[in-house]
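**Q** Encoded as structure tokens, here's the structure I'll be asking about.
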Amino acid sequence: MTPRNGNHGLPAPFQVRDCSLVSQATGLRARTLGELRSSLRTIPLSSIYHHFWGRLLRAQFSEPEFNNDFASWAQHALHDRVVAEKLGAVNPGSLSDFEGVRSELLEILEARLEETEFVPWAQGDQQFHFILSQIIVFDTGYRLDDPAALAASIGVLPPGSIYYHFIDSRRRTPHGEDDFSLWLRSFGEPWAAAAQAIRGVDPYFSSLAELRANLTTTLQEHAREVEA
Amino acid sequence: MKTDFLEPYARVVGLAEMAALEQLAHPLAGARVLHVNSTKEGGGVAEILHKLVPFQRALGLDASWEVVEGDPVFYQCTKGFHNAIQGNVVPVLEAHLQAYLETNERNAVRLRDALREADFVFIHDPQPAAMLCHVPDRQGKWIWRCHVDASRPYRPVWRFLQDIVKDYDASVFSLPEFAQSLPHPQFLVPPSIDPTSDKNRELSSAEVSGVFERFCLDPEIPLVLQVSRFDRFKDPVGVIEACQIARKLTPLQLVLAGGGADDDPEGEAVLREVHAAGTGDPGVHVLLLPSDAHTTINALQRASTVVLQKSLREGFGLTVTEAMWKGKPVVGGDAGGIRLQVVNHHTGFLVRTPEGAALRLRYLLHNTEERERMGRTAQDFVRASFLLPRLVTDHLSIMLRLRRGDGDRIELPARNGRHGAQ
């Protein structure tokens with residue numbers, strides 16, 4: 001629940017936070033789907049999370065074709081289009097938590113290993129390296145008093161703020177929501193449609209800069225409607 | 001904060017990014033950060049430290065930089081280490097190892113107070129690594145930063161070094177492929193380029209176009225460039241072959257620009273092969289440039305239509321980053337760190353053969369719109385991922401992580417709020 005501002009009964013200002021990721025090698029690597037499966041069984045969930053979402057904040061090209069590193073590796077290193085497509089269709093948003101993501105990934109790998117007669121190997125320099133990351137969250141010091149202020153400033157928030165409030169929030173909030181739409185909803189009916197629209201923005205297949213642009217357009221359109 | 005130092009970076013990456021850096025640095029204000037390497041001038045590490053240290057100071061950290069002093073035997077030994085980490089078979093002489101350990105001990109004694117009192121000690125590469133053994137009463141966190149490609153080290157030498165670096169609090173490698181078996185956290189920090197350096201800063205159009213006259217190039221013909229040492233792993237002969245194939249159908253001129261090969265017998269042999277392959281071909285220009293010809297390289301990269309980096313093996317490939325920063329699509333070898341940067345149809349093309357390189361060159365030279373679109377994507381990618389402010393962010397994050405523990409999430413305390421947009 002969004003805290004209320006004690007003085008005026010209004011929702012508390014939106015506290016703009018930012019974050020950075022510290023990436024760490026786990027030492028685990030895979031050359032085949034079988035090896036990938038073995039490591040996936042025991043790897044910390046923070047590593048699976050990293051290979052879905054961490055890619056947005058680290059020095060990596062946001063490949064539009066696949067939404068996670070497992071799918072991308074299966075395509076580019078193993079040239080196994082079938083499993084790449086299946087892995088690429090895993091949607092963490094539709095699963096209760098990342099343990100569920102782990103189970104679904106394993107299920108896909110098991111099925112593929114059972115159905116395929118030929119086991120492709122990645123070249124030595126194209127192995128899958130399991131990485132995990134830790135998030136460092138810090139306060140930017142900026143407070144936004146109302147939705148109009150959010151609409152005016154979301155376009156200049158740093159990528160780390162977009163990541164924290166729109167991506168990371170999904171594992172912090174009870175129903176896997178983003179901070180922006182949660183806060184907008186607390187302003188009642190006038191901003192309900194904006195909250196719904198922000199919630200509907202697809203976070204996949206975009207860089208954080210593209211995501212920010214998308215959120216900005218969506219929110220500003222609704223802000224104009226509310227003002228009118 | 002020293003805004004005069006930070007301001008040029010803010011112009012490149014934006015005020016919001018710089019504000020974020022300042023916020024991240026705030027909990028580390030006043031922290032004593034000591035960097036130690038083996039030289040003040042020459043080489044990529046010194047180049048980074050010349051900017052990283054003042055950058056950290058500008059953000060309020062008490063950063064400083066020391067250099068180990070050694071004799072020729074020490075440097076001979078550490079040069080061997082450098083090559084061995086990159087996979088070369090290097091004989092290990094007991095006398096060299098002895099010189100290495102003694103030099104480290106002498107330097108540890110000389111720098112004892114600074115090493116003991118620093119909150120964070122970043123030891124760059126193997127040269128000063130053994131100093132740790134001689135500072136038993138160290139108070140801060142010691143981090144070993146390996147800048148070289150350690151994916152396939154020569155094991156006898158690596159075992160010797162591993163025994164030393166295992167006692168560090170953490171190590172830092174450029175890519176996950178380079179990480180080794182060590183009993184402490186191994187952080188991943190990709191390299192970066194400095195957008196304000198002579199090699200990467202904006203140039204006037206006169207400075208850029210000046211290279212055509214200076215090197216007898218035709219300004220009317222598309223320029224294809226590869227900047228690299230004359231090394232077989234950079235495949236300069238394959239580059240000439242690719243351009244000769246492409247030129248049968250598409251006009252172009254090639255510039256192969258690299259440093260001298262005075263201290264590298266194999267480099268001289270490769271240079272002879274390059275000259276032989278290009279002899280009599282007016283479209284091939286081989287330029288031997290001094291190591292400080294940064295502005296010239298910058299101008300050549302900016303004057304190019306397409307940049308090649310057709311390496312057969314590559315650590316990271318900073319020349320690729322530099323070209324992409326200048327808005328050039330890159331035709332790169334499908335190897336090492338080039339794969340992280342060159343993404344087919346987005347920032348350039350990965351190739352494995354001269355024929356493949358020729359095909360992609362022709363495609364890019366014929367499709368101006370596509371070439372320019374890829375160039376813009378490449379530049380945006382470098383801006384987001386491989387510029388110095390990102391390296392500074394990574395260093396700050398590592399220090400915070402080491403200070404605050406190893407949970408999945410580290411929350412820094414809230415600050416006094418300012419109302420309104422940024």
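Order determines the names: the first chain of the structure tokens is A, the second B, and so forth; residues in each chain are numbered 1 upward, and ligands are numbered 1 upward as they are shown.
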Applying 7 Å and only C-alpha atoms, which residues near Leu21 (chain A) remain after dropping the ones on its own chain fewer than 6 positions away? List them as a PyMOL selection string.

**A** chain A and resi 133-136

**Q** Those residues with N, CA and C atoms, as a PDB file, in the first residue's frame please?

**A**
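Below is the file that was written, result_20.pdb:
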ATOM      1  N   SER A 133      24.338 -11.519 -10.156  1.00  0.00           N
ATOM      2  CA  SER A 133      24.557 -10.103  -9.872  1.00  0.00           C
ATOM      3  C   SER A 133      23.860  -9.707  -8.584  1.00  0.00           C
ATOM      4  N   GLN A 134      24.426  -8.679  -7.985  1.00  0.00           N
ATOM      5  CA  GLN A 134      23.816  -8.096  -6.802  1.00  0.00           C
ATOM      6  C   GLN A 134      23.390  -6.689  -7.179  1.00  0.00           C
ATOM      7  N   ILE A 135      22.281  -6.271  -6.615  1.00  0.00           N
ATOM      8  CA  ILE A 135      21.776  -4.941  -6.945  1.00  0.00           C
ATOM      9  C   ILE A 135      22.122  -3.986  -5.809  1.00  0.00           C
ATOM     10  N   ILE A 136      22.638  -2.836  -6.167  1.00  0.00           N
ATOM     11  CA  ILE A 136      22.904  -1.795  -5.164  1.00  0.00           C
ATOM     12  C   ILE A 136      21.903  -0.677  -5.412  1.00  0.00           C
TER      13      ILE A 136
END

**Q** Region 8-40 of chain A: which residues are helix (DSSP H, G or I) by DSSP, as a VMD selection string?

**A** chain A and resid 33 to 40

**Q** Find the residues of chain B that sit at most 9 Å from chain A; for each, write down the nearest two atoms and how far apart they are in Å, to one decimal. Count only C-alpha atoms. Sort by chain, then by number going up, and give it as a Markdown table.

**A**
| residue | atom | partner | partner_atom | distance |
| --- | --- | --- | --- | --- |
| B:Gly14 | CA | A:Pro158 | CA | 8.8 |
| B:Leu15 | CA | A:Val156 | CA | 8.9 |
| B:Ala16 | CA | A:Pro158 | CA | 5.4 |
| B:Glu17 | CA | A:Pro158 | CA | 5.7 |
| B:Ala19 | CA | A:Thr140 | CA | 7.8 |
| B:Ala20 | CA | A:Thr140 | CA | 6.8 |
| B:Gln23 | CA | A:Thr140 | CA | 6.3 |
| B:Leu24 | CA | A:Phe138 | CA | 6.7 |
| B:Ser151 | CA | A:Asp125 | CA | 8.8 |
| B:Val172 | CA | A:Gln24 | CA | 8.8 |
| B:Phe173 | CA | A:Ala25 | CA | 8.9 |
| B:Leu175 | CA | A:Ala25 | CA | 8.7 |
| B:Pro176 | CA | A:Ala25 | CA | 5.8 |
| B:Glu177 | CA | A:His129 | CA | 7.2 |
| B:Ala179 | CA | A:Ala25 | CA | 6.7 |
| B:Gln180 | CA | A:Gly27 | CA | 7.1 |
| B:Ser181 | CA | A:Gly27 | CA | 7.0 |
| B:Pro185 | CA | A:Gln24 | CA | 6.8 |
| B:Gln186 | CA | A:Gln24 | CA | 5.6 |
| B:Phe187 | CA | A:Gln24 | CA | 4.3 |
| B:Leu188 | CA | A:Ser23 | CA | 5.4 |
| B:Val189 | CA | A:Ser23 | CA | 7.7 |
| B:Pro190 | CA | A:Ala59 | CA | 7.3 |
| B:Ala335 | CA | A:Asp125 | CA | 7.9 |
| B:Gly336 | CA | A:Asp125 | CA | 7.1 |
| B:Leu340 | CA | A:Gln60 | CA | 6.6 |
| B:Gln341 | CA | A:Phe61 | CA | 7.2 |
| B:Val342 | CA | A:Phe61 | CA | 8.8 |
| B:Val343 | CA | A:Phe61 | CA | 7.7 |
| B:His346 | CA | A:Glu63 | CA | 8.9 |
| B:Phe381 | CA | A:Phe61 | CA | 6.8 |
| B:Val382 | CA | A:Ala59 | CA | 8.6 |
| B:Ala384 | CA | A:Ala59 | CA | 7.4 |
| B:Ser385 | CA | A:Ala59 | CA | 4.5 |
| B:Phe386 | CA | A:Ala59 | CA | 6.9 |
| B:Arg390 | CA | A:Ala59 | CA | 8.8 |
| B:Thr393 | CA | A:Ser20 | CA | 7.6 |
| B:Asp394 | CA | A:Val22 | CA | 6.9 |
| B:Ser397 | CA | A:Val22 | CA | 6.2 |
| B:Ile398 | CA | A:Val22 | CA | 6.5 |
| B:Leu400 | CA | A:Ile136 | CA | 8.1 |
| B:Arg401 | CA | A:Val22 | CA | 7.7 |
| B:Asp406 | CA | A:Gln134 | CA | 7.9 |
| B:Gly407 | CA | A:Gln134 | CA | 7.2 |
| B:Asp408 | CA | A:Gln134 | CA | 4.7 |
| B:Arg409 | CA | A:Ile135 | CA | 5.0 |
| B:Ile410 | CA | A:Ile136 | CA | 4.7 |
| B:Glu411 | CA | A:Val137 | CA | 4.8 |
| B:Leu412 | CA | A:Phe138 | CA | 5.0 |
| B:Pro413 | CA | A:Phe138 | CA | 7.0 |
| B:Ala414 | CA | A:Asp139 | CA | 5.3 |
| B:Arg415 | CA | A:Gly141 | CA | 5.5 |
| B:Asn416 | CA | A:Gly141 | CA | 5.9 |
| B:Gly417 | CA | A:Gly141 | CA | 4.4 |
| B:Arg418 | CA | A:Tyr142 | CA | 4.8 |
| B:His419 | CA | A:Arg143 | CA | 4.6 |
| B:Gly420 | CA | A:Leu144 | CA | 5.4 |
| B:Ala421 | CA | A:Ser153 | CA | 5.0 |
| B:Gln422 | CA | A:Ser153 | CA | 6.6 |

**Q** Based on the backbone DSSP call, show me all residues of chain A assigned strand (DSSP E or B), as a PDB file with N, CA and C atoms, in the first residue's frame.

**A**
ATOM      1  N   ARG A   4       0.394   7.332   2.842  1.00  0.00           N
ATOM      2  CA  ARG A   4      -0.274   8.612   2.610  1.00  0.00           C
ATOM      3  C   ARG A   4       0.538   9.716   3.258  1.00  0.00           C
ATOM      4  N   PRO A  11      -1.297  10.890  -1.369  1.00  0.00           N
ATOM      5  CA  PRO A  11      -0.236   9.869  -1.372  1.00  0.00           C
ATOM      6  C   PRO A  11       1.128  10.516  -1.135  1.00  0.00           C
ATOM      7  N   PHE A  14       6.604  10.379  -4.652  1.00  0.00           N
ATOM      8  CA  PHE A  14       7.325   9.244  -5.253  1.00  0.00           C
ATOM      9  C   PHE A  14       8.823   9.460  -5.020  1.00  0.00           C
ATOM     10  N   GLN A  15       9.434   8.507  -4.346  1.00  0.00           N
ATOM     11  CA  GLN A  15      10.857   8.617  -4.025  1.00  0.00           C
ATOM     12  C   GLN A  15      11.658   7.984  -5.171  1.00  0.00           C
ATOM     13  N   VAL A  16      12.358   8.805  -5.928  1.00  0.00           N
ATOM     14  CA  VAL A  16      13.071   8.272  -7.095  1.00  0.00           C
ATOM     15  C   VAL A  16      14.362   7.605  -6.626  1.00  0.00           C
ATOM     16  N   ARG A  17      14.463   6.350  -6.916  1.00  0.00           N
ATOM     17  CA  ARG A  17      15.676   5.612  -6.570  1.00  0.00           C
ATOM     18  C   ARG A  17      16.399   5.197  -7.839  1.00  0.00           C
ATOM     19  N   ASP A  18      17.622   4.775  -7.661  1.00  0.00           N
ATOM     20  CA  ASP A  18      18.442   4.340  -8.794  1.00  0.00           C
ATOM     21  C   ASP A  18      19.165   3.071  -8.346  1.00  0.00           C
ATOM     22  N   CYS A  19      19.797   2.404  -9.257  1.00  0.00           N
ATOM     23  CA  CYS A  19      20.520   1.196  -8.849  1.00  0.00           C
ATOM     24  C   CYS A  19      21.658   0.892  -9.818  1.00  0.00           C
ATOM     25  N   SER A  20      22.587   0.093  -9.350  1.00  0.00           N
ATOM     26  CA  SER A  20      23.613  -0.450 -10.243  1.00  0.00           C
ATOM     27  C   SER A  20      23.736  -1.939  -9.927  1.00  0.00           C
ATOM     28  N   LEU A  21      24.301  -2.660 -10.853  1.00  0.00           N
ATOM     29  CA  LEU A  21      24.483  -4.093 -10.637  1.00  0.00           C
ATOM     30  C   LEU A  21      25.965  -4.403 -10.501  1.00  0.00           C
ATOM     31  N   VAL A  22      26.288  -5.317  -9.597  1.00  0.00           N
ATOM     32  CA  VAL A  22      27.644  -5.838  -9.506  1.00  0.00           C
ATOM     33  C   VAL A  22      27.594  -7.254 -10.067  1.00  0.00           C
ATOM     34  N   SER A  23      28.262  -7.461 -11.184  1.00  0.00           N
ATOM     35  CA  SER A  23      28.235  -8.791 -11.809  1.00  0.00           C
ATOM     36  C   SER A  23      29.399  -9.621 -11.313  1.00  0.00           C
ATOM     37  N   GLN A  24      29.114 -10.883 -11.101  1.00  0.00           N
ATOM     38  CA  GLN A  24      30.123 -11.766 -10.521  1.00  0.00           C
ATOM     39  C   GLN A  24      30.130 -13.091 -11.269  1.00  0.00           C
ATOM     40  N   ALA A  25      31.318 -13.583 -11.583  1.00  0.00           N
ATOM     41  CA  ALA A  25      31.418 -14.889 -12.238  1.00  0.00           C
ATOM     42  C   ALA A  25      31.121 -15.971 -11.205  1.00  0.00           C
ATOM     43  N   THR A  26      30.394 -17.003 -11.641  1.00  0.00           N
ATOM     44  CA  THR A  26      30.142 -18.123 -10.718  1.00  0.00           C
ATOM     45  C   THR A  26      31.144 -19.250 -10.941  1.00  0.00           C
ATOM     46  N   GLY A  27      31.844 -19.210 -12.073  1.00  0.00           N
ATOM     47  CA  GLY A  27      32.771 -20.290 -12.415  1.00  0.00           C
ATOM     48  C   GLY A  27      32.080 -21.449 -13.109  1.00  0.00           C
ATOM     49  N   LEU A  28      30.747 -21.444 -13.134  1.00  0.00           N
ATOM     50  CA  LEU A  28      30.019 -22.526 -13.806  1.00  0.00           C
ATOM     51  C   LEU A  28      29.838 -22.185 -15.276  1.00  0.00           C
ATOM     52  N   ARG A  29      30.046 -23.183 -16.119  1.00  0.00           N
ATOM     53  CA  ARG A  29      29.886 -22.952 -17.553  1.00  0.00           C
ATOM     54  C   ARG A  29      29.293 -24.185 -18.209  1.00  0.00           C
ATOM     55  N   ALA A  30      28.769 -24.006 -19.405  1.00  0.00           N
ATOM     56  CA  ALA A  30      28.140 -25.128 -20.109  1.00  0.00           C
ATOM     57  C   ALA A  30      28.521 -25.098 -21.578  1.00  0.00           C
ATOM     58  N   PHE A 128      28.505 -21.205 -22.325  1.00  0.00           N
ATOM     59  CA  PHE A 128      27.611 -20.366 -21.517  1.00  0.00           C
ATOM     60  C   PHE A 128      28.254 -20.186 -20.149  1.00  0.00           C
ATOM     61  N   HIS A 129      28.437 -18.952 -19.750  1.00  0.00           N
ATOM     62  CA  HIS A 129      29.028 -18.656 -18.440  1.00  0.00           C
ATOM     63  C   HIS A 129      27.933 -18.140 -17.515  1.00  0.00           C
ATOM     64  N   PHE A 130      27.725 -18.851 -16.431  1.00  0.00           N
ATOM     65  CA  PHE A 130      26.715 -18.409 -15.466  1.00  0.00           C
ATOM     66  C   PHE A 130      27.271 -17.229 -14.662  1.00  0.00           C
ATOM     67  N   ILE A 131      26.513 -16.175 -14.657  1.00  0.00           N
ATOM     68  CA  ILE A 131      26.896 -14.963 -13.927  1.00  0.00           C
ATOM     69  C   ILE A 131      25.796 -14.688 -12.910  1.00  0.00           C
ATOM     70  N   LEU A 132      26.159 -14.134 -11.773  1.00  0.00           N
ATOM     71  CA  LEU A 132      25.100 -13.652 -10.892  1.00  0.00           C
ATOM     72  C   LEU A 132      25.378 -12.195 -10.572  1.00  0.00           C
ATOM     73  N   SER A 133      24.338 -11.519 -10.156  1.00  0.00           N
ATOM     74  CA  SER A 133      24.557 -10.103  -9.872  1.00  0.00           C
ATOM     75  C   SER A 133      23.860  -9.707  -8.584  1.00  0.00           C
ATOM     76  N   GLN A 134      24.426  -8.679  -7.985  1.00  0.00           N
ATOM     77  CA  GLN A 134      23.816  -8.096  -6.802  1.00  0.00           C
ATOM     78  C   GLN A 134      23.390  -6.689  -7.179  1.00  0.00           C
ATOM     79  N   ILE A 135      22.281  -6.271  -6.615  1.00  0.00           N
ATOM     80  CA  ILE A 135      21.776  -4.941  -6.945  1.00  0.00           C
ATOM     81  C   ILE A 135      22.122  -3.986  -5.809  1.00  0.00           C
ATOM     82  N   ILE A 136      22.638  -2.836  -6.167  1.00  0.00           N
ATOM     83  CA  ILE A 136      22.904  -1.795  -5.164  1.00  0.00           C
ATOM     84  C   ILE A 136      21.903  -0.677  -5.412  1.00  0.00           C
ATOM     85  N   VAL A 137      21.057  -0.439  -4.432  1.00  0.00           N
ATOM     86  CA  VAL A 137      19.978   0.534  -4.585  1.00  0.00           C
ATOM     87  C   VAL A 137      20.354   1.801  -3.828  1.00  0.00           C
ATOM     88  N   PHE A 138      20.180   2.932  -4.481  1.00  0.00           N
ATOM     89  CA  PHE A 138      20.487   4.191  -3.791  1.00  0.00           C
ATOM     90  C   PHE A 138      19.428   5.240  -4.121  1.00  0.00           C
ATOM     91  N   ASP A 139      19.331   6.184  -3.208  1.00  0.00           N
ATOM     92  CA  ASP A 139      18.310   7.223  -3.302  1.00  0.00           C
ATOM     93  C   ASP A 139      18.862   8.369  -4.141  1.00  0.00           C
ATOM     94  N   THR A 140      18.102   8.810  -5.151  1.00  0.00           N
ATOM     95  CA  THR A 140      18.585   9.946  -5.941  1.00  0.00           C
ATOM     96  C   THR A 140      18.356  11.258  -5.204  1.00  0.00           C
ATOM     97  N   GLY A 141      17.509  11.215  -4.177  1.00  0.00           N
ATOM     98  CA  GLY A 141      17.188  12.454  -3.461  1.00  0.00           C
ATOM     99  C   GLY A 141      15.997  13.172  -4.071  1.00  0.00           C
ATOM    100  N   TYR A 142      15.555  12.759  -5.235  1.00  0.00           N
ATOM    101  CA  TYR A 142      14.425  13.446  -5.880  1.00  0.00           C
ATOM    102  C   TYR A 142      13.095  12.864  -5.412  1.00  0.00           C
ATOM    103  N   ARG A 143      12.151  13.762  -5.186  1.00  0.00           N
ATOM    104  CA  ARG A 143      10.810  13.374  -4.778  1.00  0.00           C
ATOM    105  C   ARG A 143       9.826  13.997  -5.759  1.00  0.00           C
ATOM    106  N   LEU A 144       8.886  13.195  -6.225  1.00  0.00           N
ATOM    107  CA  LEU A 144       7.889  13.700  -7.168  1.00  0.00           C
ATOM    108  C   LEU A 144       6.549  13.740  -6.440  1.00  0.00           C
TER     109      LEU A 144
END

**Q** Which residue, B:Ala357, B:Leu388, B:Leu217, B:Leu365, has the smallest gap to Asp235 (chain B) when you use only C-alpha atoms?

**A**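 Of the candidates, the smallest distance to Asp235 (chain B) is held by B:Ala357.
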
**Q** One decimal, in Å: what's the spacing between CA of His147 (chain B) and CA of Ala95 (chain B)?

**A**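 Between CA of His147 (chain B) and CA of Ala95 (chain B) the gap is 25.6 Å.
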
**Q** List the spatial neighbours of region 26-40 of chain B as a VMD selection string - criterion: any atom at most 10 Å away, only C-alpha atoms, same-chain residues fewer than 6 positions off excluded.

**A** (chain A and resid 138) or (chain B and resid 20 46 to 47 49 to 50 52 to 53 56 to 57 59 to 70 75 78 111 114 to 115 117 to 129 131 140 to 145 396 399 to 400 403 412 to 413 415)

**Q** If you measure from CA of Ala108 (chain B) to CA of Ala58 (chain B), what distance in Å do you get, rounded to one decimal?

**A**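 Answer for the CA of Ala108 (chain B) to CA of Ala58 (chain B) separation: 27.4 Å.
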
**Q** Could you state the separation of CA of Thr116 (chain A) and CA of Asn91 (chain A) in Å, given to one decimal place?

**A**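 Between CA of Thr116 (chain A) and CA of Asn91 (chain A) the gap is 24.0 Å.
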
**Q** Residues at most 9 Å from Pro92 (chain A), counting only C-alpha atoms, excluding those fewer than 4 positions away in the same chain, as a compact mmCIF listing (two decimals) with N, CA and C atoms, in the first residue's frame?

**A**
# COMPACT_ATOMS: atom_id res chain seq x y z
N PHE A 52 17.90 -13.20 -17.17
CA PHE A 52 16.68 -12.66 -17.77
C PHE A 52 16.69 -11.14 -17.78
N SER A 96 5.03 -17.55 -10.81
CA SER A 96 4.92 -16.96 -9.47
C SER A 96 6.25 -16.42 -8.96
N ASP A 97 7.33 -17.10 -9.27
CA ASP A 97 8.63 -16.63 -8.81
C ASP A 97 9.73 -17.24 -9.70
N PHE A 98 10.97 -16.97 -9.37
CA PHE A 98 12.05 -17.47 -10.24
C PHE A 98 12.33 -18.95 -10.03
N GLY A 100 9.89 -20.94 -10.19
CA GLY A 100 9.03 -21.38 -11.27
C GLY A 100 9.71 -21.24 -12.62
N VAL A 101 10.49 -20.19 -12.79
CA VAL A 101 11.24 -19.99 -14.04
C VAL A 101 12.25 -21.11 -14.19

**Q** Please provide the set of residues having any atom within 10 Å of Val211 (chain B), restricted to only C-alpha atoms, with same-chain residues fewer than 6 positions apart removed, written as an MDAnalysis selection string.

**A** chainID B and resid 217:219 296:297 299:300 302:303

**Q** Give me a file of those residues, with N, CA and C atoms, as a short mmCIF file (atom, residue, chain, number, x, y, z; two decimals), in the first residue's frame.

**A**
data_model
loop_
_atom_site.label_atom_id
_atom_site.label_comp_id
_atom_site.auth_asym_id
_atom_site.auth_seq_id
_atom_site.Cartn_x
_atom_site.Cartn_y
_atom_site.Cartn_z
N LEU B 217 45.44 9.74 -49.71
CA LEU B 217 44.21 8.95 -49.91
C LEU B 217 43.26 9.77 -50.78
N ASP B 218 42.38 9.06 -51.47
CA ASP B 218 41.43 9.72 -52.36
C ASP B 218 40.15 10.01 -51.58
N PRO B 219 39.81 11.29 -51.39
CA PRO B 219 38.61 11.59 -50.59
C PRO B 219 37.30 11.18 -51.27
N THR B 296 45.76 11.09 -34.81
CA THR B 296 45.76 10.58 -36.19
C THR B 296 44.83 9.38 -36.31
N ILE B 297 44.93 8.47 -35.35
CA ILE B 297 44.05 7.29 -35.37
C ILE B 297 42.59 7.74 -35.28
N ALA B 299 41.31 10.55 -36.25
CA ALA B 299 40.90 11.14 -37.53
C ALA B 299 40.67 10.07 -38.59
N LEU B 300 41.54 9.07 -38.63
CA LEU B 300 41.36 7.99 -39.61
C LEU B 300 40.05 7.24 -39.35
N ARG B 302 37.39 8.39 -37.92
CA ARG B 302 36.24 9.25 -38.26
C ARG B 302 36.12 9.42 -39.78
N ALA B 303 37.25 9.36 -40.49
CA ALA B 303 37.22 9.53 -41.94
C ALA B 303 36.76 8.25 -42.66
#

**Q** Taking 5 positions as the minimum chain separation for residues in the same chain, which residues sit within 10 Å of Pro251 (chain B) when counting only C-alpha atoms? Answer as a PyMOL selection string.

**A** chain B and resi 220-223+243-244+246+283+362+365

**Q** May I have the residues within 12 Å of region 109-113 of chain A as a JSON list (two decimals) with C-alpha atoms, in the first residue's frame, using only C-alpha atoms and disregarding those fewer than 2 positions away in the same chain?

**A**
[["chain", "number", "residue", "atom", "x", "y", "z"],
["A", 32, "THR", "CA", 25.87, -28.52, -24.16],
["A", 33, "LEU", "CA", 22.21, -28.46, -23.24],
["A", 34, "GLY", "CA", 22.92, -31.27, -20.78],
["A", 35, "GLU", "CA", 25.56, -29.20, -19.00],
["A", 36, "LEU", "CA", 23.24, -26.21, -19.01],
["A", 37, "ARG", "CA", 20.54, -28.36, -17.40],
["A", 38, "SER", "CA", 22.91, -29.67, -14.72],
["A", 39, "SER", "CA", 24.00, -26.21, -13.65],
["A", 40, "LEU", "CA", 20.49, -24.78, -13.82],
["A", 41, "ARG", "CA", 19.37, -27.30, -11.22],
["A", 70, "PHE", "CA", 19.75, -18.98, -22.35],
["A", 71, "ALA", "CA", 17.71, -18.65, -25.53],
["A", 74, "ALA", "CA", 21.09, -21.86, -27.67],
["A", 80, "ASP", "CA", 19.49, -25.14, -31.97],
["A", 81, "ARG", "CA", 16.64, -22.97, -33.18],
["A", 82, "VAL", "CA", 13.94, -25.19, -31.67],
["A", 83, "VAL", "CA", 15.11, -24.96, -28.08],
["A", 84, "ALA", "CA", 16.06, -21.30, -28.55],
["A", 85, "GLU", "CA", 12.50, -20.46, -29.50],
["A", 86, "LYS", "CA", 11.08, -22.41, -26.56],
["A", 87, "LEU", "CA", 13.50, -20.88, -24.05],
["A", 102, "ARG", "CA", 13.91, -22.52, -13.13],
["A", 103, "SER", "CA", 11.37, -25.37, -13.34],
["A", 104, "GLU", "CA", 10.10, -24.22, -16.72],
["A", 105, "LEU", "CA", 13.61, -23.88, -18.15],
["A", 106, "LEU", "CA", 14.49, -27.36, -16.89],
["A", 107, "GLU", "CA", 11.30, -28.79, -18.36],
["A", 115, "GLU", "CA", 13.61, -35.69, -28.39],
["A", 116, "THR", "CA", 16.92, -34.88, -30.02],
["A", 117, "GLU", "CA", 19.32, -37.53, -31.28],
["A", 118, "PHE", "CA", 22.14, -35.15, -32.00],
["A", 119, "VAL", "CA", 23.67, -33.24, -29.10],
["A", 120, "PRO", "CA", 25.19, -29.98, -30.30]]
